[in-house]
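The next block holds one structure in the form of structure tokens; read it before the comments.
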Amino acid sequence: MSKKTGKTKRRVRKSGTKKVFNKYELYLESVQSPETDVEFFQNTYRELRKKTPHSFREDFCGTFAMCTEWVKLNPKNTAYGLDLDPEPLEFGRLHHLSKLSDTQKKRVHPVEQNVMQSRVPLTDIVVAMNFSYFIFQSRELLKKYFSTVLKGLQRDGLFMVDIFGGSDCCDENEEKTNYRKFAYFWHQHGFDPVTARAKFSIHFQLKGQRKIEDVFTYDWRMWSIPEIREIMLEVGFKKTHVYWEGTDKKGEGNGVFTRTEKGEECQAWVAYIVAER
Ligand SMILES: C[S@@+](CC[C@H](N)C(=O)[O-])C[C@H]1O[C@@H](n2cnc3c(N)ncnc32)[C@H](O)[C@@H]1O
């Protein structure tokens, strides 16, 4: 998707010239910024709890790129990544875990598990990023998921999710972003105002090759910030906070997220919601 944000500022690695189509590598380069994300999680915990967090859980972790960045931040840090699908987990073991030192490797735990049935140790932080929890399309399911998260947090734990919206999200549209070696397409297939459901696809096209459509597809409910905050409070979180992105001189997102109770109208925005246990 087109995010206003520096949070997902696209980073194309200079190394790696192979023209093999590797969907998880292209996904990482186009929609993820795990190094920046983990710093935000650590700083936000310090801001709200006045201490340093060490244990971290990444729900819907895919290739668990954030887990591997988390353990690099501090030798005391541990990380659990939960995903249902063995394929991205295996990619993460081969491509992310393998790059860590032996001591770092021991502190990362990728687990093939449904986030609804988390059985990993309690952690200081749980995150659900890249809007993965939008797969839960009813309040009932979302409440069940948020309750599971609450039970999985340490006493001072924080739950952090990202969320997107804006007028662009109510229309069929496709946006192309060019990188050095490939193009990334974020395609929204309409929006149903009755159900607030929208389908999305990611397409990729390597330079000089044909476009490969629907590499990743999503069928999501477009939740709003107040709905998510209300549901968090309903399941027992004590407080919620919204972190909204600042704007640079050109009117683009500057990648700096600050706590606020007032947003601004944008065609496309991304924000974080943080819930206190
Ligand atoms: C959009 S990807 C997110 C990848 C990564 N976390 C990120 O930030 O980009 C969604 C992932 O959620 C996983 N998933 C979907 N439903 C799940 C569930 N109930 N429990 C665990 N993982 C699930 C999928 O297998 C997929 O890898």
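By convention in this document, the chains of the structure tokens carry letters A, B, ... by their order, each chain's residues are numbered from 1, and ligands are numbered from 1 in the order they are shown.
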
Write out as a CSV table (one decimal) with N, CA and C atoms, in the first residue's frame each polymer residue (protein, DNA or RNA) that has an atom no more than 9 Å from ligand 1, with only C-alpha atoms and all ligand atoms counted.
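The new file selection16.csv reads:
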chain,number,residue,atom,x,y,z
A,27,TYR,N,9.0,-8.7,-0.4
A,27,TYR,CA,8.1,-8.2,0.6
A,27,TYR,C,8.8,-7.4,1.6
A,28,LEU,N,9.9,-7.9,2.1
A,28,LEU,CA,10.7,-7.3,3.1
A,28,LEU,C,11.2,-5.9,2.6
A,31,VAL,N,7.7,-3.6,1.9
A,31,VAL,CA,6.7,-3.1,3.0
A,31,VAL,C,7.2,-3.2,4.4
A,32,GLN,N,8.4,-3.7,4.6
A,32,GLN,CA,8.8,-3.8,6.0
A,32,GLN,C,10.0,-2.9,6.4
A,33,SER,N,10.1,-2.5,7.6
A,33,SER,CA,11.3,-1.8,8.1
A,33,SER,C,11.5,-2.3,9.5
A,34,PRO,N,11.9,-3.6,9.7
A,34,PRO,CA,12.0,-4.1,11.0
A,34,PRO,C,13.0,-3.4,12.0
A,58,GLU,N,6.1,-11.4,18.4
A,58,GLU,CA,5.6,-10.9,17.1
A,58,GLU,C,4.5,-11.8,16.6
A,59,ASP,N,3.2,-11.4,16.7
A,59,ASP,CA,2.2,-12.2,16.2
A,59,ASP,C,2.1,-12.1,14.7
A,60,PHE,N,1.6,-13.1,14.0
A,60,PHE,CA,1.5,-13.1,12.5
A,60,PHE,C,2.9,-12.8,11.9
A,61,CYS,N,3.9,-13.4,12.4
A,61,CYS,CA,5.3,-13.0,12.2
A,61,CYS,C,5.8,-13.2,10.8
A,62,GLY,N,5.2,-14.1,10.0
A,62,GLY,CA,5.7,-14.4,8.7
A,62,GLY,C,7.2,-14.9,8.8
A,63,THR,N,8.1,-14.1,8.3
A,63,THR,CA,9.5,-14.5,8.3
A,63,THR,C,10.2,-14.0,9.6
A,64,PHE,N,9.5,-13.6,10.5
A,64,PHE,CA,9.9,-13.1,11.9
A,64,PHE,C,11.1,-12.1,11.8
A,65,ALA,N,11.1,-11.2,10.9
A,65,ALA,CA,12.2,-10.3,10.7
A,65,ALA,C,12.3,-9.3,11.9
A,66,MET,N,11.2,-9.0,12.6
A,66,MET,CA,11.2,-8.1,13.8
A,66,MET,C,11.9,-8.9,14.9
A,81,GLY,N,8.1,-15.6,17.8
A,81,GLY,CA,7.4,-15.2,16.6
A,81,GLY,C,6.3,-16.3,16.3
A,82,LEU,N,5.1,-15.9,16.2
A,82,LEU,CA,4.0,-16.9,15.9
A,82,LEU,C,3.4,-16.7,14.6
A,83,ASP,N,3.4,-17.8,13.8
A,83,ASP,CA,2.7,-17.8,12.5
A,83,ASP,C,2.1,-19.2,12.3
A,84,LEU,N,1.0,-19.2,11.6
A,84,LEU,CA,0.4,-20.5,11.2
A,84,LEU,C,1.1,-21.2,10.1
A,85,ASP,N,1.8,-20.4,9.2
A,85,ASP,CA,2.2,-21.0,8.0
A,85,ASP,C,3.7,-21.4,8.1
A,86,PRO,N,4.0,-22.6,7.8
A,86,PRO,CA,5.4,-23.0,8.0
A,86,PRO,C,6.4,-22.5,6.9
A,87,GLU,N,5.8,-22.0,5.7
A,87,GLU,CA,6.6,-21.6,4.6
A,87,GLU,C,7.4,-20.3,5.0
A,88,PRO,N,6.7,-19.2,5.4
A,88,PRO,CA,7.5,-18.0,5.8
A,88,PRO,C,8.5,-18.3,7.0
A,89,LEU,N,8.0,-19.1,7.9
A,89,LEU,CA,8.9,-19.4,9.1
A,89,LEU,C,10.2,-20.1,8.6
A,112,GLU,N,5.3,-22.3,15.1
A,112,GLU,CA,4.2,-22.5,14.2
A,112,GLU,C,2.9,-22.7,15.0
A,113,GLN,N,2.2,-21.6,15.2
A,113,GLN,CA,1.1,-21.6,16.1
A,113,GLN,C,0.0,-20.5,15.7
A,114,ASN,N,-1.2,-20.8,16.0
A,114,ASN,CA,-2.3,-19.9,15.8
A,114,ASN,C,-2.2,-18.8,16.9
A,115,VAL,N,-2.3,-17.5,16.5
A,115,VAL,CA,-2.2,-16.5,17.5
A,115,VAL,C,-3.4,-16.6,18.5
A,116,MET,N,-4.5,-17.2,18.1
A,116,MET,CA,-5.6,-17.4,19.0
A,116,MET,C,-5.3,-18.4,20.1
A,117,GLN,N,-4.3,-19.2,19.9
A,117,GLN,CA,-4.0,-20.2,21.0
A,117,GLN,C,-2.5,-20.1,21.4
A,118,SER,N,-2.1,-18.9,21.7
A,118,SER,CA,-0.7,-18.7,22.1
A,118,SER,C,-0.4,-19.4,23.3
A,127,VAL,N,3.3,-7.5,19.5
A,127,VAL,CA,3.0,-6.7,18.4
A,127,VAL,C,2.2,-7.5,17.3
A,128,ALA,N,1.3,-6.8,16.6
A,128,ALA,CA,0.7,-7.4,15.4
A,128,ALA,C,0.8,-6.3,14.4
A,129,MET,N,1.8,-6.5,13.4
A,129,MET,CA,2.1,-5.4,12.5
A,129,MET,C,1.6,-5.7,11.1
A,130,ASN,N,1.8,-4.7,10.3
A,130,ASN,CA,1.3,-4.7,8.9
A,130,ASN,C,-0.2,-5.2,8.8
A,131,PHE,N,-0.9,-4.7,9.8
A,131,PHE,CA,-2.4,-4.8,9.8
A,131,PHE,C,-2.9,-6.2,9.8
A,132,SER,N,-2.1,-7.2,10.2
A,132,SER,CA,-2.4,-8.6,10.1
A,132,SER,C,-3.7,-8.9,10.8
A,133,TYR,N,-4.0,-8.2,11.9
A,133,TYR,CA,-5.2,-8.5,12.7
A,133,TYR,C,-6.5,-8.1,11.9
A,135,ILE,N,-7.6,-9.5,9.5
A,135,ILE,CA,-8.2,-10.7,9.1
A,135,ILE,C,-9.4,-11.1,10.0
A,136,PHE,N,-9.4,-10.5,11.2
A,136,PHE,CA,-10.5,-10.8,12.1
A,136,PHE,C,-11.6,-9.8,11.7
A,145,TYR,N,-9.2,-12.4,20.0
A,145,TYR,CA,-7.7,-12.3,19.8
A,145,TYR,C,-7.1,-11.3,20.8
A,216,PHE,N,0.7,-11.8,-2.8
A,216,PHE,CA,0.1,-11.9,-1.5
A,216,PHE,C,-1.3,-11.3,-1.7
A,217,THR,N,-2.3,-11.9,-1.0
A,217,THR,CA,-3.7,-11.4,-1.1
A,217,THR,C,-4.2,-11.3,0.3
A,218,TYR,N,-5.1,-10.3,0.5
A,218,TYR,CA,-5.7,-10.1,1.8
A,218,TYR,C,-7.2,-9.8,1.7

**Message:** Residues near Gly152 (chain A), anyone? I mean within 9 Å using only C-alpha atoms, not counting same-chain ones fewer than 2 positions away, as a list in words.
**Reply:**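 The residues satisfying every condition are Ser118, Arg119, Val120, Pro121, Leu122, Thr123, Asp124, Val126, Ser147, Thr148, Val149, Leu150, Gln154 and Gly157 of chain A.
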
**Message:** Excluding Phe146 (chain A) and its own-chain neighbours fewer than 2 positions away, which residues fall within 9 Å of it when counting only C-alpha atoms? Please give them as JSON, numbers by chain.
**Reply:** {"A": [116, 141, 142, 143, 144, 148, 149, 150, 151, 159, 231, 232, 235, 237]}

**Prompt:** So which one's closest to Thr240 (chain A), A:Asp219, A:Glu276, A:Glu265, A:Asp37? Using only C-alpha atoms, please.
**Reply:**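 Counting only C-alpha atoms, the residue closest to Thr240 (chain A) is A:Glu276.
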